[in-house]
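Data first, discussion second: the structure below is written as structure tokens.
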Amino acid sequence: FDPATAQRVFRVSMSDMSEFYFLPPLAAMLDREARGIRIEVANLPVESVSAAMRAGEIDLALGYVPGLDAGCASQTLFLDEHVCVVRAGHPLRKARPTREDLAALRYVYASTNATGHRMVEQWLDELNLKRDVVLRLPHFVVAPEIVMNTDLAVVFPKSIARRFNRGKAFRVLPLPFSLPPIEI
């Protein structure tokens, strides 16, 4: 396989968060080094990824994809963690909020078909952390814009929060408890 001369379409399963994190650098690299490669992104429920790979419907899955079949080769690219994101001028001034601080906030919940987002809700329920979710979204991309212009908060993977925070419009706060790591 020679990327510089290959002419091929790759179908890649990605959540919207994976798209945000991986597609810009991948597209830039392909534009420089593999101009004959085309990418088609498929947003599949994580439960369907293994079957889609076995059936040849997708070539690759990028992101948090737990529970792949033994026949699917996988490689950990990095580990991530969840954080709380608020706007830079948010009334919560603490650098390390407590459980009570987090429980007092109002939230945007970005729900996607990615397992990780559903798992966060389950883990927070298991920790008995009740949140006041005032806005539920089917995608995550607009959540930072909403958080930047309100006193709402959102729980995001740290890597994504840092990318959104390049202009320092947000405060990225550690959670006062441990959630399982996100294996990307």
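In the structure tokens, chains take letters A, B, ... by order of appearance, with residues numbered from 1 within each chain and ligands from 1 in the order shown.
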Q. Which neighbours of range 11-16 of chain A fall inside 8 Å, counting only C-alpha atoms, when residues of the same chain fewer than 6 positions from it are skipped, and could you give them as an MDAnalysis selection string?
A. chainID A and resid 39:44 49 57:63 112:114 139:141
Let me see the file: selected residues, C-alpha atoms, as a PDB file, in the first residue's frame.
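again.pdb, freshly written:
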```
ATOM      1  CA  ILE A  39     -12.921   9.159   3.410  1.00  0.00           C
ATOM      2  CA  GLU A  40     -16.595   8.423   4.007  1.00  0.00           C
ATOM      3  CA  VAL A  41     -17.622   8.862   7.637  1.00  0.00           C
ATOM      4  CA  ALA A  42     -20.309   6.594   9.039  1.00  0.00           C
ATOM      5  CA  ASN A  43     -21.895   7.431  12.380  1.00  0.00           C
ATOM      6  CA  LEU A  44     -22.833   3.996  13.684  1.00  0.00           C
ATOM      7  CA  VAL A  49     -19.286  -1.415  14.798  1.00  0.00           C
ATOM      8  CA  GLU A  57     -19.268  -2.013   5.581  1.00  0.00           C
ATOM      9  CA  ILE A  58     -16.601  -0.002   7.398  1.00  0.00           C
ATOM     10  CA  ASP A  59     -12.821  -0.261   7.315  1.00  0.00           C
ATOM     11  CA  LEU A  60     -11.935   1.502  10.540  1.00  0.00           C
ATOM     12  CA  ALA A  61     -13.506   2.865  13.707  1.00  0.00           C
ATOM     13  CA  LEU A  62     -11.910   5.812  15.493  1.00  0.00           C
ATOM     14  CA  GLY A  63     -12.858   6.926  18.982  1.00  0.00           C
ATOM     15  CA  THR A 112     -24.875  11.040  20.843  1.00  0.00           C
ATOM     16  CA  ASN A 113     -24.932   7.398  19.809  1.00  0.00           C
ATOM     17  CA  ALA A 114     -21.418   7.063  21.212  1.00  0.00           C
ATOM     18  CA  HIS A 139     -24.986  16.302  18.960  1.00  0.00           C
ATOM     19  CA  PHE A 140     -22.170  17.877  20.903  1.00  0.00           C
ATOM     20  CA  VAL A 141     -20.774  20.496  18.490  1.00  0.00           C
TER      21      VAL A 141
END
```
**Q.** Those of range 86-165 of chain A in DSSP strand (DSSP E), formatted as an MDAnalysis selection string
**A.** chainID A and resid 86:87 106:110 132:137 152:157
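Contact shell of Arg131 in chain A at 10 Å (only C-alpha atoms; same-chain neighbours under 2 positions omitted): A:Leu102, A:Ala103, A:Ala104, A:Leu105, A:Arg106, A:Tyr107, A:Val108, A:Tyr109, A:Glu121, A:Leu124, A:Asp125, A:Asn128, A:Leu129, A:Val133, A:Val134.
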Q: Please measure the separation of CA of Ser111 in chain A and CA of Val155 in chain A, giving the value in Å to one decimal.
A: 11.0 Å
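Coordinates place CA of Phe20 in chain A at a distance of 17.8 Å from CA of Val172 in chain A.
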**Q.** Close residues, Glu33 in chain A itself excluded, 9 Å, only C-alpha atoms, min 5 positions apart in chain, as a ChimeraX atom specification
**A.** /A:3-4,28
Q: From chain A, collect each residue whose DSSP state is helix (DSSP H, G or I) and return the set as number ranges by chain.
A: A: 16-33, 46-54, 99-104, 115-126, 143-148, 158-167
Q: Determine, counting only C-alpha atoms, which protein, DNA and RNA residues have an atom within 10 Å of an atom of range 178-180 of chain A; residues of the same chain fewer than 5 positions away are not included. Present the result as a list in words.
A: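 Near neighbours after the sequence-gap exclusion: Asp80, Glu81, His82, Val83, Met119, Val120, Trp123, Leu124 and Leu127 of chain A.
In this model, the gap between CA of Thr150 in chain A and CA of Arg166 in chain A comes to 18.6 Å.
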Q: Select, from A:Ile146, A:Ala110, A:Ile37, A:Ile160, the residue with the minimum atom-to-atom distance to Arg8 in chain A, counting only C-alpha atoms.
A: A:Ile37
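Minimum atom-to-atom distances from A:Glu145, A:Glu183, A:Asp151, A:Asp132 to Leu92 in chain A were compared using only C-alpha atoms, and the lowest value belongs to A:Asp151.
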